[in-house]
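Undergrad: I'd like to ask you about the structure that follows.
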Number of protein chains: 2
Amino acid sequence: MGAGEGMTAADLARYLSKHDLVTTLDLIDAALETRTQDQFRQLMVLTSGLIPIEHSHASVADLDENRAITRTRHQVNVNFPEGWLHTYRQLHLVEADPVAKLLFAHDKPLIWGQIRQAHREPADRRFYGRAAEFGLRDGFSFGARFVRSSSASFFSCAGKGLTSDRRHVTIIQYLVPHLHSALAKVHLGLLKEQPLLTPREVEVLNWAKFGKTNWDISVQMSVSERAVKYHLQNAMIKLSAGNRSQAVAVALSQGLIDWG
Amino acid sequence: MGAGEGMTAADLARYLSKHDLVTTLDLIDAALETRTQDQFRQLMVLTSGLIPIEHSHASVADLDENRAITRTRHQVNVNFPEGWLHTYRQLHLVEADPVAKLLFAHDKPLIWGQIRQAHREPADRRFYGRAAEFGLRDGFSFGARFVRSSSASFFSCAGKGLTSDRRHVTIIQYLVPHLHSALAKVHLGLLKEQPLLTPREVEVLNWAKFGKTNWDISVQMSVSERAVKYHLQNAMIKLSAGNRSQAVAVALSQGLIDWG
DNA sequence: GATACACCTGTCCGAACGGACAGGGTCGCA
DNA sequence: TGCGACCCTGTCCGTTCGGACAGGTGTATC
């Protein structure tokens, strides 16, 4: 029991004040209620009232079977230095980033300082140097797959002295997994807001997932069988699916239709 | 922000000791790690060290579109009176149970005492009388759908004076949603343990979800196309699916195959 | 040795599917 | 007044699917 290695409930009592505990618990509760991007931003603001987060940035991405990022779905940049993000993309620093390599390895927050101490290779030094130019020295990252989805979120927070303090580290270990699940909920909500599929396409897929034939669906929807094929065909094109089975599977895993 | 109506962070500070806060936070953390039925039982035991839970009982069930229970998938009865559960089933008390009506209405813990005060009808009186015979007076229930699944969990905890105390109620409000997600994880794990499907059937479904044809799959698995049809057919029978699309959808929603 | 189960294979055939051809319409927006 | 969406309809045709017939093996259990 307890978050992270060597982290125990005793740490909570030792390093955190009663006010810290109350705030952490309330932030966890607020994370449960978080549904929208604005609420998530607000959550990060509240968090930075507890620990000195100066910059934070969250991404949702698709992973392949090797847990490598294939596509970035969307970003919530609260106040991360744009220059750094630009440099990172431009120079493909993901190859050099020691944190990125470990991001999805364990479902634990990664404290930059701890990584820095473990890996002391010259290539890493250059990376840390670059990051320091943008004021990014202390901080943490957290990456985790969403349950029952091929997507994952990762986010980074930076701030002066953020992770050289046992109090901060303790709070991070206990709080961050809940920020992740809040982000997952925000992401799911956003997917439904941006309607990749038209209402009719969703309707057809919702029947198809129950194994209905085109003719069955046409009766339910009071249209011709051809109309059903038309919508399903468009849905398959939009979802890059080769047939109705894949279309249903993709739509389910993307949260475009739900589980009736 | 804050759990439940009128519940604020101030309540945490007012009614909870520092030790309470530490324990609650650590229980929430332990809930994150919970994967097995034994771990869940252990979690309930730890919880009863914090608030006076004497009896607890958890169920996972399938819901229809009206949020009515269609099938109970499995139960974790820690120490609920068997006699009461038997009476409940025998007399279909779910019809009379005021708590059951509200179980999936909001994603909030239901404090029995509060329900009892709100509904003072004679029919309810009889129900409370029966429950009291089994020592069930004070307690709470919590029901919520699992994300991206047609299943839901609900569980009830009872104990003397359990919910007539602000301290207990506050802890319950903040803790219980995390117990629910722990139960969800346990349930998912159990589904994979009881192999409804054979390894080959799982393999075929995993190709089918990518839209592969029977012939494609037969090449991948180095068997005849007929063998693929054989496995898929058996899978469809076991999953009560009418065709491959429904088989894939059901297998996904049951957690029998995953995304990737 | 019988029984059960998972695994694999074959052929046949009607139903369902998916693509490609073609053509309607309404609505909102530039 | 286009233009692009979304919606709807038709026919044709080759492919795929799913059910029903039938058979085989190996392995574990009793």
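Every chain in the structure tokens takes a letter, A first, then B, and so on in the order presented; its residues are numbered from 1, and the ligands are numbered from 1 following the presented order.
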Output as number ranges by chain all residues of segment 59-186 of chain A that backbone DSSP marks as alpha helix (DSSP H).
TA: A: 82-90, 98-102, 112-118, 122-133, 166-186
Undergrad: Do you know which residues are at most 10 Å from DG28 of chain C counting only C-alpha atoms (C1' of nucleotides), after dropping those on the same chain fewer than 2 positions away, and could you put them as a list of chain:residue names?
TA: C:DT26, C:DA30, D:DG4, D:DA5
Undergrad: Can you write just those residues out, N, CA and C atoms (P, O5', C5', C4', C3', O3' and C1' of nucleotides), as a CSV table (one decimal), in the first residue's frame?
TA:
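As a result, again.csv now contains:
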```
chain,number,residue,atom,x,y,z
C,26,DT,P,-36.6,20.4,-51.8
C,26,DT,O5',-35.8,20.5,-50.4
C,26,DT,C5',-36.4,19.8,-49.3
C,26,DT,C4',-35.4,20.0,-48.1
C,26,DT,C3',-35.2,21.4,-47.6
C,26,DT,O3',-35.5,21.5,-46.3
C,26,DT,C1',-33.1,20.4,-48.1
C,30,DA,P,-20.1,31.9,-43.8
C,30,DA,O5',-19.5,32.2,-45.2
C,30,DA,C5',-18.7,31.2,-45.9
C,30,DA,C4',-18.6,31.5,-47.4
C,30,DA,C3',-18.1,33.0,-47.7
C,30,DA,O3',-17.3,32.9,-48.9
C,30,DA,C1',-20.3,32.6,-48.6
D,4,DG,P,-17.6,22.7,-53.3
D,4,DG,O5',-18.0,22.3,-51.9
D,4,DG,C5',-17.8,23.2,-50.8
D,4,DG,C4',-18.6,22.8,-49.6
D,4,DG,C3',-18.6,21.3,-49.3
D,4,DG,O3',-18.2,21.2,-47.9
D,4,DG,C1',-20.8,22.0,-49.4
D,5,DA,P,-17.9,19.8,-47.3
D,5,DA,O5',-19.0,19.7,-46.1
D,5,DA,C5',-19.4,18.4,-45.7
D,5,DA,C4',-20.8,18.6,-45.0
D,5,DA,C3',-21.6,17.4,-45.1
D,5,DA,O3',-21.3,16.4,-44.1
D,5,DA,C1',-22.9,19.3,-45.6
```
Undergrad: Write down, as a PyMOL selection string, each residue of chain A that has any atom within 10 Å of an atom of chain C, counting only C-alpha atoms (C1' of nucleotides).
TA: chain A and resi 213-215+229+232-233+242-244
Undergrad: Write the residues of the preceding selection, restricted to N, CA and C atoms, as a PDB file, in the first residue's frame.
TA:
```
ATOM      1  N   THR A 213     -28.884  -6.371 -38.952  1.00  0.00           N
ATOM      2  CA  THR A 213     -28.557  -6.298 -40.377  1.00  0.00           C
ATOM      3  C   THR A 213     -29.022  -4.954 -40.919  1.00  0.00           C
ATOM      4  N   ASN A 214     -28.539  -4.627 -42.127  1.00  0.00           N
ATOM      5  CA  ASN A 214     -28.939  -3.366 -42.739  1.00  0.00           C
ATOM      6  C   ASN A 214     -30.462  -3.281 -42.854  1.00  0.00           C
ATOM      7  N   TRP A 215     -31.069  -4.419 -43.173  1.00  0.00           N
ATOM      8  CA  TRP A 215     -32.520  -4.393 -43.349  1.00  0.00           C
ATOM      9  C   TRP A 215     -33.212  -4.113 -41.997  1.00  0.00           C
ATOM     10  N   LYS A 229     -27.025   1.581 -45.718  1.00  0.00           N
ATOM     11  CA  LYS A 229     -25.712   1.299 -46.297  1.00  0.00           C
ATOM     12  C   LYS A 229     -24.940   2.601 -46.515  1.00  0.00           C
ATOM     13  N   LEU A 232     -23.633   3.864 -43.120  1.00  0.00           N
ATOM     14  CA  LEU A 232     -22.602   2.978 -42.605  1.00  0.00           C
ATOM     15  C   LEU A 232     -21.323   3.133 -43.419  1.00  0.00           C
ATOM     16  N   GLN A 233     -21.499   3.292 -44.733  1.00  0.00           N
ATOM     17  CA  GLN A 233     -20.331   3.455 -45.596  1.00  0.00           C
ATOM     18  C   GLN A 233     -19.572   4.732 -45.243  1.00  0.00           C
ATOM     19  N   GLY A 242     -12.577  -1.042 -42.341  1.00  0.00           N
ATOM     20  CA  GLY A 242     -12.760  -1.846 -43.539  1.00  0.00           C
ATOM     21  C   GLY A 242     -14.122  -2.496 -43.617  1.00  0.00           C
ATOM     22  N   ASN A 243     -14.779  -2.658 -42.486  1.00  0.00           N
ATOM     23  CA  ASN A 243     -16.129  -3.219 -42.483  1.00  0.00           C
ATOM     24  C   ASN A 243     -16.857  -2.791 -41.209  1.00  0.00           C
ATOM     25  N   ARG A 244     -18.104  -3.242 -41.066  1.00  0.00           N
ATOM     26  CA  ARG A 244     -18.926  -2.782 -39.952  1.00  0.00           C
ATOM     27  C   ARG A 244     -18.354  -3.201 -38.608  1.00  0.00           C
TER      28      ARG A 244
END
```
Undergrad: Could you write out as number ranges by chain the residues of chain B within 8 Å of chain A, counting only C-alpha atoms?
TA: B: 1-3, 9, 12-13, 18-19, 21-23, 25-26, 29-30, 33, 64-65, 148-150, 174, 208-212, 241-249, 252-253, 255, 258-260
Undergrad: Considering only C-alpha atoms (C1' of nucleotides), can you say which of D:DA22, D:DC6, D:DC30, D:DC17 comes closest to chain B?
TA: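 Nearest candidate to chain B out of D:DA22, D:DC6, D:DC30, D:DC17: D:DC17.
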Undergrad: Residues of chain D were defined as contacting chain B if any atom lay at most 10 Å from it, counting only C-alpha atoms (C1' of nucleotides); please report them as a list in words.
TA: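 Every residue meeting the condition is included here: DT16, DC17, DG18 and DG19 of chain D.
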Undergrad: Could you state the separation of atom CA of Thr87 of chain B and atom CA of Pro52 of chain B in Å, given to one decimal place?
TA: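 So the answer is 24.5 Å.
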Undergrad: If DSSP is run on the backbone, what residues of segment 68-168 of chain B are strand (DSSP E)? A reply as a ChimeraX atom specification would be ideal.
TA: /B:69-77,110-111,139-145,151-158
Undergrad: Go through B:Pro199, B:Gly189, B:Pro81, B:Gly113 and flag the residue nearest Pro98 of chain B, using only C-alpha atoms for the distances.
TA: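 Nearest candidate to Pro98 of chain B out of B:Pro199, B:Gly189, B:Pro81, B:Gly113: B:Gly113.
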Undergrad: Calculated over only C-alpha atoms, which of the candidates B:Gly83, B:Pro122, B:Gly135, B:Gly143 has the smallest distance to Ile69 of chain B?
TA: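 Closest residue, counting only C-alpha atoms: B:Gly143.
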Undergrad: Quick one: residues within 10 Å of Trp84 of chain A, only C-alpha atoms (C1' of nucleotides) counted, chain neighbours fewer than 2 positions away excluded, as a CSV table (one decimal) with C-alpha atoms, in the first residue's frame?
TA:
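Full text of part.csv as output:
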```
chain,number,residue,atom,x,y,z
A,80,PHE,CA,4.1,25.8,-20.4
A,81,PRO,CA,6.7,27.8,-22.3
A,82,GLU,CA,5.6,27.7,-26.0
A,86,HIS,CA,8.3,24.3,-30.3
A,87,THR,CA,11.9,23.4,-29.8
A,88,TYR,CA,10.9,20.0,-28.5
A,89,ARG,CA,8.9,19.2,-31.7
A,90,GLN,CA,11.4,20.8,-34.0
A,130,ARG,CA,18.2,22.9,-23.1
A,131,ALA,CA,15.3,22.5,-20.8
A,132,ALA,CA,17.0,24.7,-18.1
A,133,GLU,CA,17.2,27.5,-20.7
A,134,PHE,CA,13.4,27.6,-20.6
A,135,GLY,CA,13.4,27.6,-16.8
A,136,LEU,CA,12.4,23.9,-16.6
```
Undergrad: Quick check, in Å to one decimal: how far apart do atom CA of Leu162 of chain B and atom CA of Asp124 of chain B lie?
TA: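 Rounded to one decimal, the two atoms are 20.5 Å apart.
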Undergrad: What does the structure give for the distance between atom CA of Gln42 of chain A and atom CA of Lys108 of chain B, in Å to one decimal?
TA: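 We find that atom CA of Gln42 of chain A and atom CA of Lys108 of chain B lie 22.4 Å from each other.
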